[in-house]
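K.L.:
Just one file: work_4.cif, with mmCIF, C-alpha atoms.
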data_structure
loop_
_atom_site.label_atom_id
_atom_site.label_comp_id
_atom_site.auth_asym_id
_atom_site.auth_seq_id
_atom_site.Cartn_x
_atom_site.Cartn_y
_atom_site.Cartn_z
CA MET A 1 146.67 141.36 202.90
CA THR A 2 148.01 144.91 202.87
CA LYS A 3 147.10 147.57 200.34
CA GLN A 4 150.58 147.34 198.88
CA GLU A 5 150.38 143.56 198.47
CA LEU A 6 147.07 143.92 196.65
CA PHE A 7 148.58 146.59 194.44
CA GLU A 8 151.50 144.32 193.61
CA ILE A 9 149.12 141.56 192.51
CA LEU A 10 147.35 143.99 190.19
CA ILE A 11 150.68 145.18 188.79
CA ARG A 12 151.85 141.62 188.20
CA GLU A 13 148.62 140.77 186.40
CA ASN A 14 148.97 143.67 184.02
CA GLU A 15 152.65 144.46 183.68
CA ARG A 16 153.24 142.51 180.48
CA MET A 17 150.36 144.16 178.68
CA VAL A 18 151.63 147.58 179.77
CA TRP A 19 155.17 146.57 178.83
CA ALA A 20 154.05 145.51 175.33
CA PHE A 21 152.34 148.89 174.96
CA LEU A 22 155.43 150.81 176.12
CA ARG A 23 157.84 148.78 174.03
CA GLY A 24 155.70 149.48 171.00
CA ALA A 25 156.78 153.09 171.29
CA ALA A 26 159.98 153.26 173.32
CA ASP A 27 163.31 151.49 173.67
CA PRO A 28 163.82 149.15 176.67
CA ALA A 29 165.53 151.77 178.87
CA ASP A 30 162.84 154.42 178.33
CA ALA A 31 160.10 151.81 178.65
CA GLN A 32 161.59 150.69 181.98
CA ASP A 33 161.70 154.28 183.33
CA ILE A 34 158.15 154.99 182.26
CA PHE A 35 156.88 151.71 183.63
CA GLN A 36 158.35 152.53 187.02
CA GLN A 37 156.94 156.04 186.97
CA ALA A 38 153.53 154.69 185.97
CA CYS A 39 153.54 152.32 188.95
CA LEU A 40 154.47 155.17 191.28
CA VAL A 41 151.76 157.46 189.89
CA ALA A 42 149.20 154.64 190.06
CA TRP A 43 150.16 153.92 193.66
CA SER A 44 149.93 157.53 194.74
CA SER A 45 146.58 158.04 193.02
CA LEU A 46 145.06 154.70 193.90
CA ASP A 47 142.28 156.46 195.81
CA ARG A 48 141.07 157.95 192.54
CA TYR A 49 140.93 154.58 190.76
CA ASP A 50 137.38 153.59 189.86
CA ARG A 51 137.16 149.99 191.08
CA SER A 52 134.27 149.21 188.76
CA ARG A 53 136.69 149.44 185.83
CA PRO A 54 139.55 147.11 184.98
CA PHE A 55 142.91 148.04 186.46
CA GLY A 56 145.07 147.24 183.40
CA PRO A 57 143.70 149.91 181.04
CA TRP A 58 143.84 152.46 183.88
CA LEU A 59 147.52 151.73 184.48
CA ARG A 60 148.18 151.76 180.75
CA GLY A 61 146.42 155.13 180.46
CA ILE A 62 148.83 156.53 183.05
CA ALA A 63 151.74 155.02 181.15
CA ALA A 64 150.46 156.56 177.90
CA ARG A 65 150.33 160.05 179.42
CA LEU A 66 153.82 159.62 180.86
CA LEU A 67 155.07 158.39 177.49
CA LEU A 68 153.81 161.53 175.75
CA LYS A 69 155.26 163.73 178.49
CA HIS A 70 158.58 161.91 178.25
CA PHE A 71 158.98 162.55 174.54
CA ARG A 72 157.77 166.14 174.82
CA GLN A 73 160.25 166.88 177.60
CA ARG A 74 163.06 165.49 175.51
CA ARG A 75 161.79 167.53 172.58
CA ALA A 76 162.14 164.32 170.62
CA SER A 77 159.79 163.59 167.78
CA LEU A 78 156.90 161.50 169.02
CA PRO A 79 157.15 157.93 167.81
CA LEU A 80 153.38 157.91 167.53
CA ASP A 81 150.77 160.60 168.00
CA GLU A 82 147.91 160.54 170.49
CA LYS A 83 145.50 159.16 167.95
CA ALA A 84 147.85 156.32 167.04
CA MET A 85 148.41 155.67 170.72
CA GLU A 86 144.66 155.33 171.24
CA ALA A 87 144.54 152.98 168.27
CA VAL A 88 147.27 150.80 169.81
CA GLU A 89 145.40 150.81 173.12
CA ALA A 90 142.17 149.78 171.40
CA ARG A 91 143.93 146.88 169.70
CA LEU A 92 145.57 145.83 172.94
CA ASP A 93 142.13 145.77 174.57
CA THR A 94 140.89 143.50 171.79
CA PHE A 95 144.02 141.41 172.10
CA GLY A 96 143.26 141.07 175.81
CA ARG A 97 139.96 139.41 174.94
CA LEU A 98 141.67 136.54 173.17
CA PRO A 99 141.24 133.17 174.86
CA GLY A 100 143.69 132.44 177.64
CA GLU A 101 143.80 132.95 181.37
CA THR A 102 147.07 134.84 181.35
CA TRP A 103 148.73 137.33 179.04
CA ASP A 104 151.27 134.71 178.09
CA ALA A 105 148.50 132.32 177.09
CA LYS A 106 147.03 135.05 174.88
CA LEU A 107 150.42 135.48 173.26
CA ASP A 108 150.11 131.91 172.00
CA SER A 109 147.99 133.34 169.17
CA LEU A 110 150.95 135.45 168.09
CA ARG A 111 153.30 132.49 168.48
CA GLU A 112 151.02 130.48 166.25
CA CYS A 113 151.13 133.24 163.63
CA LEU A 114 154.91 133.30 163.99
CA SER A 115 155.09 129.59 163.31
CA ARG A 116 153.56 130.27 159.88
CA VAL A 117 156.26 132.76 158.93
CA ASN A 118 158.76 131.43 156.41
CA GLU A 119 162.33 130.58 157.35
CA GLU A 120 163.79 133.87 156.16
CA GLY A 121 161.23 135.82 158.12
CA ARG A 122 161.85 133.78 161.25
CA ARG A 123 165.54 134.44 160.94
CA LEU A 124 164.87 138.14 160.73
CA VAL A 125 162.60 138.04 163.77
CA ASP A 126 165.20 136.06 165.71
CA LEU A 127 168.00 138.46 164.84
CA TYR A 128 166.00 141.58 165.60
CA TYR A 129 163.87 140.58 168.57
CA ARG A 130 165.63 137.62 170.15
CA ASP A 131 169.25 138.64 169.59
CA GLY A 132 168.54 142.37 169.83
CA LEU A 133 170.53 143.30 166.73
CA SER A 134 169.91 146.63 165.07
CA CYS A 135 168.74 146.88 161.44
CA GLU A 136 172.27 148.02 160.61
CA ASP A 137 173.82 144.93 162.23
CA ILE A 138 171.35 142.69 160.44
CA SER A 139 171.98 144.34 157.10
CA ARG A 140 175.70 143.78 157.55
CA ARG A 141 175.22 140.20 158.59
CA LEU A 142 172.80 139.28 155.82
CA GLY A 143 174.36 141.47 153.15
CA HIS A 144 171.17 143.46 152.47
CA GLY A 145 170.68 147.21 152.55
CA ILE A 146 169.35 148.73 155.79
CA GLU A 147 166.22 149.94 154.03
CA THR A 148 165.57 146.42 152.75
CA VAL A 149 165.86 145.05 156.29
CA LYS A 150 163.54 147.74 157.64
CA LYS A 151 160.98 147.13 154.90
CA ARG A 152 161.08 143.37 155.43
CA LEU A 153 160.56 143.79 159.15
CA GLN A 154 157.69 146.15 158.47
CA ARG A 155 156.15 143.69 156.01
CA LEU A 156 156.60 140.90 158.50
CA ARG A 157 154.85 142.82 161.26
CA LEU A 158 152.02 143.61 158.90
CA ASP A 159 151.68 139.93 157.96
CA LEU A 160 151.65 139.02 161.62
CA TYR A 161 149.01 141.65 162.27
CA THR A 162 146.88 140.29 159.41
CA CYS A 163 147.21 136.79 160.84
CA LEU A 164 146.45 138.03 164.33
CA SER A 165 143.50 140.15 163.22
CA GLY A 166 141.75 136.96 162.05
CA LYS A 167 142.01 135.71 165.60
CA LEU A 168 141.13 139.13 167.03
CA ALA A 169 137.95 139.25 164.91
CA GLU A 170 136.87 135.97 166.45
CA ALA A 171 137.61 137.17 169.99
CA PRO A 172 134.47 137.84 172.08
CA SER A 173 133.62 141.54 172.30
CA MET B 1 145.61 160.02 154.76
CA LYS B 2 146.76 161.08 158.18
CA ASP B 3 144.38 158.56 159.74
CA ALA B 4 145.60 155.83 157.45
CA ASP B 5 149.20 156.60 158.44
CA SER B 6 148.33 156.51 162.11
CA LEU B 7 146.44 153.27 161.73
CA ASP B 8 149.35 151.68 159.93
CA SER B 9 151.72 152.90 162.63
CA ALA B 10 149.43 151.57 165.35
CA GLU B 11 149.47 148.11 163.80
CA GLN B 12 153.23 148.18 163.50
CA ARG B 13 153.61 149.38 167.08
CA LEU B 14 151.22 146.78 168.41
CA ILE B 15 153.07 143.88 166.81
CA HIS B 16 156.46 145.40 167.65
CA GLY B 17 155.46 145.68 171.31
CA LEU B 18 154.01 142.17 171.43
CA LEU B 19 157.11 140.67 169.79
CA ALA B 20 159.33 142.54 172.22
CA ASP B 21 157.25 141.12 175.05
CA VAL B 22 157.53 137.59 173.63
CA TYR B 23 161.29 137.74 173.34
CA GLU B 24 162.40 139.95 176.18
CA ARG B 25 163.18 138.72 179.66
CA SER B 26 160.66 138.14 182.38
CA GLY B 27 159.01 141.10 184.01
CA GLU B 28 159.85 139.86 187.48
CA ALA B 29 162.76 142.28 187.86
CA ARG B 30 160.62 145.13 186.52
CA VAL B 31 157.93 144.50 189.09
CA ARG B 32 160.42 144.09 191.94
CA LEU B 33 162.08 147.35 190.99
CA ALA B 34 158.78 149.19 190.85
CA MET B 35 157.61 147.72 194.15
CA ARG B 36 160.83 148.67 195.87
CA GLU B 37 160.18 152.29 194.93
CA LEU B 38 156.83 152.11 196.70
CA ALA B 39 158.23 150.90 200.01
CA PRO B 40 157.18 153.32 202.74
CA PRO B 41 159.99 155.53 204.05
CA ARG B 42 161.50 154.31 207.27
CA PRO B 43 160.77 156.44 210.31
CA ALA B 44 163.28 159.12 211.12
CA PHE B 45 164.25 157.57 214.44
CA PHE B 46 165.54 154.55 212.54
CA TRP B 47 168.11 156.73 210.86
CA LYS B 48 169.08 158.35 214.14
CA VAL B 49 169.58 154.97 215.76
CA ALA B 50 171.42 153.75 212.69
CA ALA B 51 173.69 156.80 212.78
CA ILE B 52 174.51 156.29 216.46
CA LEU B 53 175.19 152.61 215.93
CA THR B 54 177.30 153.38 212.92
CA PHE B 55 179.38 155.85 214.83
CA ALA B 56 179.70 153.51 217.80
CA ALA B 57 180.58 150.52 215.70
CA GLY B 58 183.23 152.34 213.74
CA GLY B 59 181.51 152.08 210.39
CA ILE B 60 180.67 148.42 210.49
CA VAL B 61 176.94 149.00 210.38
CA LEU B 62 177.23 151.51 207.57
CA GLY B 63 179.46 149.16 205.66
CA SER B 64 177.04 146.31 205.91
CA PHE B 65 174.15 148.62 205.00
CA PHE B 66 175.81 149.62 201.76
CA GLN B 67 176.73 146.01 201.16
CA SER B 68 173.06 145.10 201.39
CA ARG B 69 172.05 147.74 198.85
CA LEU B 70 173.29 145.83 195.89
CA PRO B 71 172.22 146.87 192.42
CA GLU B 72 169.56 144.80 190.68
CA ALA B 73 171.08 141.88 188.84
CA ASP B 74 169.19 142.76 185.65
CA GLY B 75 170.71 146.23 185.60
CA VAL B 76 174.20 144.82 186.20
CA ILE B 77 173.80 142.30 183.39
CA GLU B 78 172.27 144.85 181.04
CA LYS B 79 175.26 147.15 181.54
CA ALA B 80 177.68 144.24 181.08
CA SER B 81 175.86 143.30 177.88
CA ARG B 82 176.20 146.86 176.57
CA GLU B 83 179.89 146.92 177.41
CA ALA B 84 180.44 143.52 175.81
CA ASN B 85 178.98 144.99 172.64
CA ASP B 86 181.15 148.13 172.64
CA GLY B 87 183.38 147.03 169.75
CA LYS B 88 186.53 146.74 171.89
CA ASP B 89 188.80 143.72 171.70
CA ARG B 90 189.10 141.70 174.89
CA GLN B 91 190.94 138.53 175.68
CA TYR B 92 189.69 135.98 178.18
CA ARG B 93 191.48 132.91 179.48
CA ALA B 94 189.18 129.90 179.41
CA THR B 95 189.37 126.45 180.94
CA ILE B 96 187.04 123.48 180.84
CA VAL B 97 187.39 120.99 183.66
CA ALA B 98 185.54 117.70 183.98
CA LEU B 99 184.37 117.32 187.57
CA LYS B 100 185.07 113.73 188.46
CA SER B 101 186.43 111.49 191.12
CA PRO B 102 189.09 111.05 192.40
CA ALA B 103 190.42 114.16 190.66
CA ASP B 104 189.08 116.72 188.24
CA GLU B 105 190.43 116.56 184.71
CA ARG B 106 191.33 119.58 182.63
CA LEU B 107 189.76 119.01 179.23
CA ALA B 108 190.58 122.21 177.46
CA SER B 109 192.13 125.60 177.87
CA GLY B 110 192.59 128.50 175.60
CA THR B 111 192.13 132.16 174.92
CA VAL B 112 188.84 133.65 173.85
CA HIS B 113 189.27 136.82 171.80
CA VAL B 114 186.03 138.79 171.56
CA ARG B 115 184.84 141.94 169.85
CA SER B 116 181.07 142.44 170.16
CA GLN B 117 179.46 139.74 167.99
CA SER B 118 182.79 138.38 166.73
CA PHE B 119 185.00 135.97 168.57
CA ALA B 120 187.93 133.66 168.02
CA VAL B 121 188.81 130.87 170.42
CA GLU B 122 192.35 129.60 170.36
CA PHE B 123 192.04 126.25 172.05
CA GLU B 124 194.04 123.26 173.08
CA SER B 125 191.96 120.35 174.23
CA VAL B 126 191.37 116.64 174.23
CA PHE B 127 189.31 117.29 171.09
CA GLY B 128 192.27 118.78 169.27
CA ARG B 129 193.99 122.12 168.80
CA GLY B 130 193.14 125.05 166.67
CA TRP B 131 190.83 128.00 166.27
CA LEU B 132 187.08 128.34 166.30
CA GLY B 133 185.19 131.55 165.75
CA THR B 134 183.05 133.90 163.77
CA ASP B 135 183.39 137.35 162.28
CA GLY B 136 179.67 137.90 162.83
CA SER B 137 178.49 136.53 159.49
CA THR B 138 180.73 133.55 158.79
CA ALA B 139 181.58 130.93 161.34
CA TRP B 140 184.72 128.88 160.92
CA TYR B 141 186.76 126.07 162.40
CA ILE B 142 190.48 125.83 161.77
CA PRO B 143 192.16 122.80 163.32
CA ARG B 144 195.90 122.96 163.80
CA GLN B 145 196.17 120.24 161.21
CA GLY B 146 193.52 119.14 158.79
CA ALA B 147 190.84 120.75 156.71
CA ALA B 148 189.53 124.13 157.79
CA GLN B 149 185.83 124.75 157.40
CA GLN B 150 183.58 127.78 157.19
CA TRP B 151 179.84 128.14 157.00
CA PRO B 152 177.16 130.82 157.39
CA ASN B 153 176.76 131.93 160.96
CA HIS B 154 173.09 131.03 161.19
CA GLU B 155 173.54 127.27 160.83
CA PRO B 156 173.16 126.29 164.46
CA SER B 157 173.63 122.55 163.97
CA ARG B 158 177.18 123.10 162.76
CA TRP B 159 177.83 125.19 165.84
CA ILE B 160 176.60 122.53 168.16
CA GLU B 161 178.96 120.05 166.57
CA ARG B 162 181.95 122.33 166.91
CA GLN B 163 181.36 124.62 169.82
CA LYS B 164 182.38 122.67 172.86
CA LEU B 165 181.90 125.73 175.02
CA GLY B 166 178.19 125.21 174.55
CA GLY B 167 177.20 128.43 172.83
CA TYR B 168 178.34 130.59 175.71
CA VAL B 169 181.22 132.38 174.03
CA GLN B 170 179.41 135.24 172.35
CA PHE B 171 179.34 137.17 175.58
CA ALA B 172 177.31 140.12 174.31
CA ALA B 173 174.54 137.82 173.06
CA LEU B 174 174.79 135.57 176.08
CA LEU B 175 174.43 138.44 178.54
CA ARG B 176 171.66 140.08 176.55
CA GLY B 177 169.53 136.96 176.47
CA ILE B 178 170.40 135.46 179.82
CA GLY B 179 167.39 136.86 181.66
CA GLN B 180 165.04 135.01 179.31
CA HIS B 181 166.10 131.61 180.51
CA TYR B 182 167.65 132.27 183.89
CA ASP B 183 166.57 133.98 187.11
CA LEU B 184 169.13 136.58 188.10
CA VAL B 185 170.25 137.67 191.53
CA THR B 186 173.13 139.86 192.71
CA LEU B 187 175.03 137.83 195.29
CA GLY B 188 177.42 140.48 196.51
CA ARG B 189 180.55 142.51 195.90
CA GLU B 190 183.99 140.96 195.60
CA ASP B 191 187.08 143.09 195.06
CA GLY B 192 185.18 145.80 193.22
CA HIS B 193 183.18 143.30 191.20
CA LEU B 194 179.49 142.56 191.39
CA ARG B 195 178.78 138.87 191.45
CA VAL B 196 175.56 137.83 189.75
CA ARG B 197 174.13 134.34 189.78
CA ALA B 198 171.85 133.11 187.00
CA THR B 199 169.80 130.02 187.78
CA ARG B 200 167.97 128.19 185.05
CA LYS B 201 164.22 128.71 185.15
CA LEU B 202 162.32 125.62 186.13
CA PRO B 203 160.47 124.95 182.86
CA LEU B 204 163.76 125.09 180.96
CA SER B 205 165.32 121.99 182.43
CA GLY B 206 166.47 120.98 178.94
CA LEU B 207 169.19 123.63 178.87
CA PRO B 208 172.61 122.08 179.47
CA VAL B 209 173.77 124.87 181.79
CA SER B 210 171.85 124.97 185.05
CA GLN B 211 173.69 127.86 186.68
CA LEU B 212 176.04 130.63 185.66
CA GLU B 213 177.90 133.16 187.70
CA VAL B 214 179.12 136.41 186.26
CA TRP B 215 181.52 138.90 187.86
CA VAL B 216 181.12 142.41 186.51
CA ALA B 217 183.37 145.39 187.31
CA ALA B 218 181.17 147.66 189.42
CA GLY B 219 182.50 150.84 187.84
CA THR B 220 182.92 150.04 184.16
CA GLY B 221 180.39 147.26 183.71
CA VAL B 222 182.95 145.06 181.95
CA MET B 223 182.51 141.33 182.48
CA LYS B 224 185.57 140.12 184.37
CA LYS B 225 184.72 136.50 184.90
CA LEU B 226 182.15 133.95 183.88
CA GLN B 227 181.78 130.51 185.37
CA TYR B 228 179.22 127.85 184.63
CA ARG B 229 178.57 124.18 184.95
CA VAL B 230 177.53 122.09 181.98
CA GLU B 231 175.36 119.19 183.04
CA PRO B 232 176.28 115.69 181.86
CA GLU B 233 175.07 114.87 178.39
CA ILE B 234 175.03 111.78 176.30
CA TRP B 235 178.57 112.44 175.09
CA HIS B 236 180.10 113.41 178.42
CA TRP B 237 179.17 111.69 181.64
CA GLU B 238 180.69 114.11 184.10
CA PRO B 239 179.60 117.68 184.63
CA TRP B 240 181.98 120.28 183.24
CA LEU B 241 183.05 123.48 184.89
CA VAL B 242 183.85 126.26 182.46
CA THR B 243 185.74 129.30 183.74
CA VAL B 244 186.44 132.36 181.64
CA GLU B 245 188.49 135.26 183.04
CA LEU B 246 189.45 138.58 181.54
CA ALA B 247 193.15 138.61 180.68
CA GLY B 248 193.57 141.77 178.63
CA GLU B 249 192.11 144.39 176.32
CA THR B 250 194.67 144.43 173.51
CA PRO B 251 193.28 145.86 170.26
CA HIS B 252 193.41 143.57 167.24
CA PRO B 253 193.51 144.47 163.54
CA PRO B 254 190.02 144.88 162.02
CA ASP B 255 190.20 141.56 160.14
CA PHE B 256 191.45 139.54 163.11
CA TYR B 257 188.25 137.50 163.34
CA SER B 258 187.94 136.61 159.67
CA PHE B 259 188.38 133.08 158.41
CA GLU B 260 191.01 134.16 155.89
CA THR B 261 193.18 135.90 158.52
CA ARG B 262 193.09 133.04 160.97
CA LEU B 263 193.81 130.53 158.21
CA ARG B 264 196.71 132.62 156.95
CA GLU B 265 198.20 132.71 160.43
CA ARG B 266 197.89 128.98 161.04
CA PRO B 267 201.36 127.55 161.62
CA PRO B 268 202.58 125.23 158.89
CA PRO B 269 202.09 121.52 159.65
CA ARG B 270 205.01 119.86 161.40
CA ASN B 271 207.09 117.42 159.45
CA PRO B 272 206.69 113.83 160.60
#
Produce structure tokens that represent the structure in this file.

P.N.:
Amino acid sequence: MTKQELFEILIRENERMVWAFLRGAADPADAQDIFQQACLVAWSSLDRYDRSRPFGPWLRGIAARLLLKHFRQRRASLPLDEKAMEAVEARLDTFGRLPGETWDAKLDSLRECLSRVNEEGRRLVDLYYRDGLSCEDISRRLGHGIETVKKRLQRLRLDLYTCLSGKLAEAPS
Amino acid sequence: MKDADSLDSAEQRLIHGLLADVYERSGEARVRLAMRELAPPRPAFFWKVAAILTFAAGGIVLGSFFQSRLPEADGVIEKASREANDGKDRQYRATIVALKSPADERLASGTVHVRSQSFAVEFESVFGRGWLGTDGSTAWYIPRQGAAQQWPNHEPSRWIERQKLGGYVQFAALLRGIGQHYDLVTLGREDGHLRVRATRKLPLSGLPVSQLEVWVAAGTGVMKKLQYRVEPEIWHWEPWLVTVELAGETPHPPDFYSFETRLRERPPPRNP
């Protein structure tokens, strides 16, 4: 097996976790650019990777630095500061300890929490995340104000986090 | 306070990212794209040889080289999805043909008018004639003769009853979500169009459409043609072939897609 094939396996094992991290802060197009850059940087600095440590957090660390650089270069306001980014990373690490061989299996915990959301909440999640509608589109479709839609989405995410944190607390440290 | 804000934001971001991961398409294309960037550069002599061959072969080699460098199907579809959501009115000619022996049978034809999330299908079929559509919030069905109906857009069961095109008419939504359920590959270029094939992912054998092909204008990203096969179901024994082709981009009045407008424009019933 070549070095590049091994690298690809490591990328495949961790790409969804890194993607979830990037999408938490950036839109799909920016997340895609940064993901690609992170892979390139990781590949070119593979000699500096400490093999005694897990690969995923190392790759995510590279992505985090690129994310900050990306927003600074654009002079755009940072969607989250460094401290918040570290907090997201810490929670992703805990999330990674949930039962399940693969990332997708770990996401079953979130799916289970989603199944407990009421019908209105599910509809909102479907419109926003599955159908990719903006808050403005949703507000028009449902006849609510944009702020109401934003607040409901925020509340929904918080409820999901509360549900998930119960499972996270039980996850082995 | 600052810490509390950050913590709250972190929780929101975590769930937002995880939900995006749950709902967005597979990362296969992402990984392939990243890996392609890592491919070691070809040795310089390759290019020299290629240049000589190109010159000698009168451009054939170069032509085929560019042909092989097709854009990633995900990127093509993403652009097409953006264009389909650009708020412009487009008209597509649609046909549904039952594939059967000894000869195929045309079941329906019509015009699909689309503007982002809204659409109106003017159809003539073995099921009847009339209009079917949505303005984005209200879905409606207006037969040429008989009672018109409208209902909130989010009642999927009503759609399934009425929408014989199988939920594949809202092109913007279809293209946006296609990567979730189908593996995408760019097949080639045809007359300035990129042809992308979407094949149903193995675990999703329950979906009625096993394969779709989309032709997208290479320059503008506008979807020019869509063709797919609907597998036999309990209420139709033969597979159907649905073909949708761009016929025009004529702007419509803002209320074109509303139930009231379409009902108002329904021709009066014929006298017996």

K.L.:
Considering all atoms listed in the file, tabulate each residue of chain A that lies at most 6 Å from chain B along with its nearest interatomic pair and the corresponding distance in Å to one decimal; arrange the rows by chain and ascending residue number and present them as CSV.

P.N.:
residue,atom,partner,partner_atom,distance
A:Ala20,CA,B:Gly17,CA,4.3
A:Phe21,CA,B:Gly17,CA,5.8
A:Arg23,CA,B:Gly17,CA,4.8
A:Gly24,CA,B:Gly17,CA,3.8
A:Gln36,CA,B:Ala34,CA,5.1
A:Ala84,CA,B:Ser6,CA,5.0
A:Ala87,CA,B:Ala10,CA,5.9
A:Val88,CA,B:Ala10,CA,5.0
A:Arg130,CA,B:Tyr23,CA,5.4
A:Arg141,CA,B:Ser137,CA,5.0
A:Arg157,CA,B:Ile15,CA,5.9

K.L.:
Once the PyMOL selection byres ((chain A and resi 26) around 10) is applied to the coordinates I shared, what remains selected? I want it as a list of chain:residue names.

P.N.:
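Output of the PyMOL selection byres ((chain A and resi 26) around 10): A:Trp19, A:Ala20, A:Phe21, A:Leu22, A:Arg23, A:Gly24, A:Ala25, A:Asp27, A:Pro28, A:Ala29, A:Asp30, A:Ala31, A:Gln32, A:Ile34, A:Leu67, A:Phe71, A:Leu78, A:Pro79, A:Leu80, B:Arg13, B:Gly17.
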
K.L.:
What is the distance between CA of Ser109 (chain A) and CA of Lys167 (chain A), in Å to one decimal?

P.N.:
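A separation of 7.4 Å between them.
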
K.L.:
Specify as a ChimeraX atom specification each residue included when the PyMOL selection byres ((chain A and resi 45-60) around 8) is applied to this file.

P.N.:
/A:10,13-14,17-18,21,38-39,41-44,61-64,93

K.L.:
Residues near Lys151 (chain A), anyone? I mean within 12 Å using all atoms listed in the file, not counting same-chain ones fewer than 3 positions away, as a PDB file with C-alpha atoms, in the frame of the given file.

P.N.:
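Output file around.pdb follows:
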ATOM      1  CA  GLY A 121     161.230 135.820 158.120  1.00  0.00           C
ATOM      2  CA  LEU A 124     164.870 138.140 160.730  1.00  0.00           C
ATOM      3  CA  CYS A 135     168.740 146.880 161.440  1.00  0.00           C
ATOM      4  CA  SER A 139     171.980 144.340 157.100  1.00  0.00           C
ATOM      5  CA  HIS A 144     171.170 143.460 152.470  1.00  0.00           C
ATOM      6  CA  GLY A 145     170.680 147.210 152.550  1.00  0.00           C
ATOM      7  CA  ILE A 146     169.350 148.730 155.790  1.00  0.00           C
ATOM      8  CA  GLU A 147     166.220 149.940 154.030  1.00  0.00           C
ATOM      9  CA  THR A 148     165.570 146.420 152.750  1.00  0.00           C
ATOM     10  CA  GLN A 154     157.690 146.150 158.470  1.00  0.00           C
ATOM     11  CA  ARG A 155     156.150 143.690 156.010  1.00  0.00           C
ATOM     12  CA  LEU A 156     156.600 140.900 158.500  1.00  0.00           C
ATOM     13  CA  ARG A 157     154.850 142.820 161.260  1.00  0.00           C
ATOM     14  CA  LEU A 158     152.020 143.610 158.900  1.00  0.00           C
TER      15      LEU A 158
ATOM     16  CA  GLN B  12     153.230 148.180 163.500  1.00  0.00           C
TER      17      GLN B  12
END

K.L.:
I'd like the residues picked by the PyMOL selection byres ((chain B and resi 109) around 12) written out as an NGL selection string, using the chain letters and numbers from the file.

P.N.:
:B and (92-98 or 105-108 or 110-112 or 121-131 or 164-165 or 241-245)

K.L.:
Would you mind exporting the chosen residues as a PDB file, in the frame of the given file, restricted to C-alpha atoms?

P.N.:
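Dumped everything to again_27.pdb:
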ATOM      1  CA  TYR B  92     189.690 135.980 178.180  1.00  0.00           C
ATOM      2  CA  ARG B  93     191.480 132.910 179.480  1.00  0.00           C
ATOM      3  CA  ALA B  94     189.180 129.900 179.410  1.00  0.00           C
ATOM      4  CA  THR B  95     189.370 126.450 180.940  1.00  0.00           C
ATOM      5  CA  ILE B  96     187.040 123.480 180.840  1.00  0.00           C
ATOM      6  CA  VAL B  97     187.390 120.990 183.660  1.00  0.00           C
ATOM      7  CA  ALA B  98     185.540 117.700 183.980  1.00  0.00           C
ATOM      8  CA  GLU B 105     190.430 116.560 184.710  1.00  0.00           C
ATOM      9  CA  ARG B 106     191.330 119.580 182.630  1.00  0.00           C
ATOM     10  CA  LEU B 107     189.760 119.010 179.230  1.00  0.00           C
ATOM     11  CA  ALA B 108     190.580 122.210 177.460  1.00  0.00           C
ATOM     12  CA  GLY B 110     192.590 128.500 175.600  1.00  0.00           C
ATOM     13  CA  THR B 111     192.130 132.160 174.920  1.00  0.00           C
ATOM     14  CA  VAL B 112     188.840 133.650 173.850  1.00  0.00           C
ATOM     15  CA  VAL B 121     188.810 130.870 170.420  1.00  0.00           C
ATOM     16  CA  GLU B 122     192.350 129.600 170.360  1.00  0.00           C
ATOM     17  CA  PHE B 123     192.040 126.250 172.050  1.00  0.00           C
ATOM     18  CA  GLU B 124     194.040 123.260 173.080  1.00  0.00           C
ATOM     19  CA  SER B 125     191.960 120.350 174.230  1.00  0.00           C
ATOM     20  CA  VAL B 126     191.370 116.640 174.230  1.00  0.00           C
ATOM     21  CA  PHE B 127     189.310 117.290 171.090  1.00  0.00           C
ATOM     22  CA  GLY B 128     192.270 118.780 169.270  1.00  0.00           C
ATOM     23  CA  ARG B 129     193.990 122.120 168.800  1.00  0.00           C
ATOM     24  CA  GLY B 130     193.140 125.050 166.670  1.00  0.00           C
ATOM     25  CA  TRP B 131     190.830 128.000 166.270  1.00  0.00           C
ATOM     26  CA  LYS B 164     182.380 122.670 172.860  1.00  0.00           C
ATOM     27  CA  LEU B 165     181.900 125.730 175.020  1.00  0.00           C
ATOM     28  CA  LEU B 241     183.050 123.480 184.890  1.00  0.00           C
ATOM     29  CA  VAL B 242     183.850 126.260 182.460  1.00  0.00           C
ATOM     30  CA  THR B 243     185.740 129.300 183.740  1.00  0.00           C
ATOM     31  CA  VAL B 244     186.440 132.360 181.640  1.00  0.00           C
ATOM     32  CA  GLU B 245     188.490 135.260 183.040  1.00  0.00           C
TER      33      GLU B 245
END

K.L.:
Counting all atoms listed in the file, I want the residues whose atoms come within 12 Å of (199.6, 133.4, 162.2) in the file frame, returned as a compact mmCIF listing (two decimals) with C-alpha atoms, in the frame of the given file.

P.N.:
# COMPACT_ATOMS: atom_id res chain seq x y z
CA GLU B 122 192.35 129.60 170.36
CA GLY B 130 193.14 125.05 166.67
CA TRP B 131 190.83 128.00 166.27
CA ILE B 142 190.48 125.83 161.77
CA ARG B 144 195.90 122.96 163.80
CA PHE B 256 191.45 139.54 163.11
CA PHE B 259 188.38 133.08 158.41
CA GLU B 260 191.01 134.16 155.89
CA THR B 261 193.18 135.90 158.52
CA ARG B 262 193.09 133.04 160.97
CA LEU B 263 193.81 130.53 158.21
CA ARG B 264 196.71 132.62 156.95
CA GLU B 265 198.20 132.71 160.43
CA ARG B 266 197.89 128.98 161.04
CA PRO B 267 201.36 127.55 161.62
CA PRO B 268 202.58 125.23 158.89
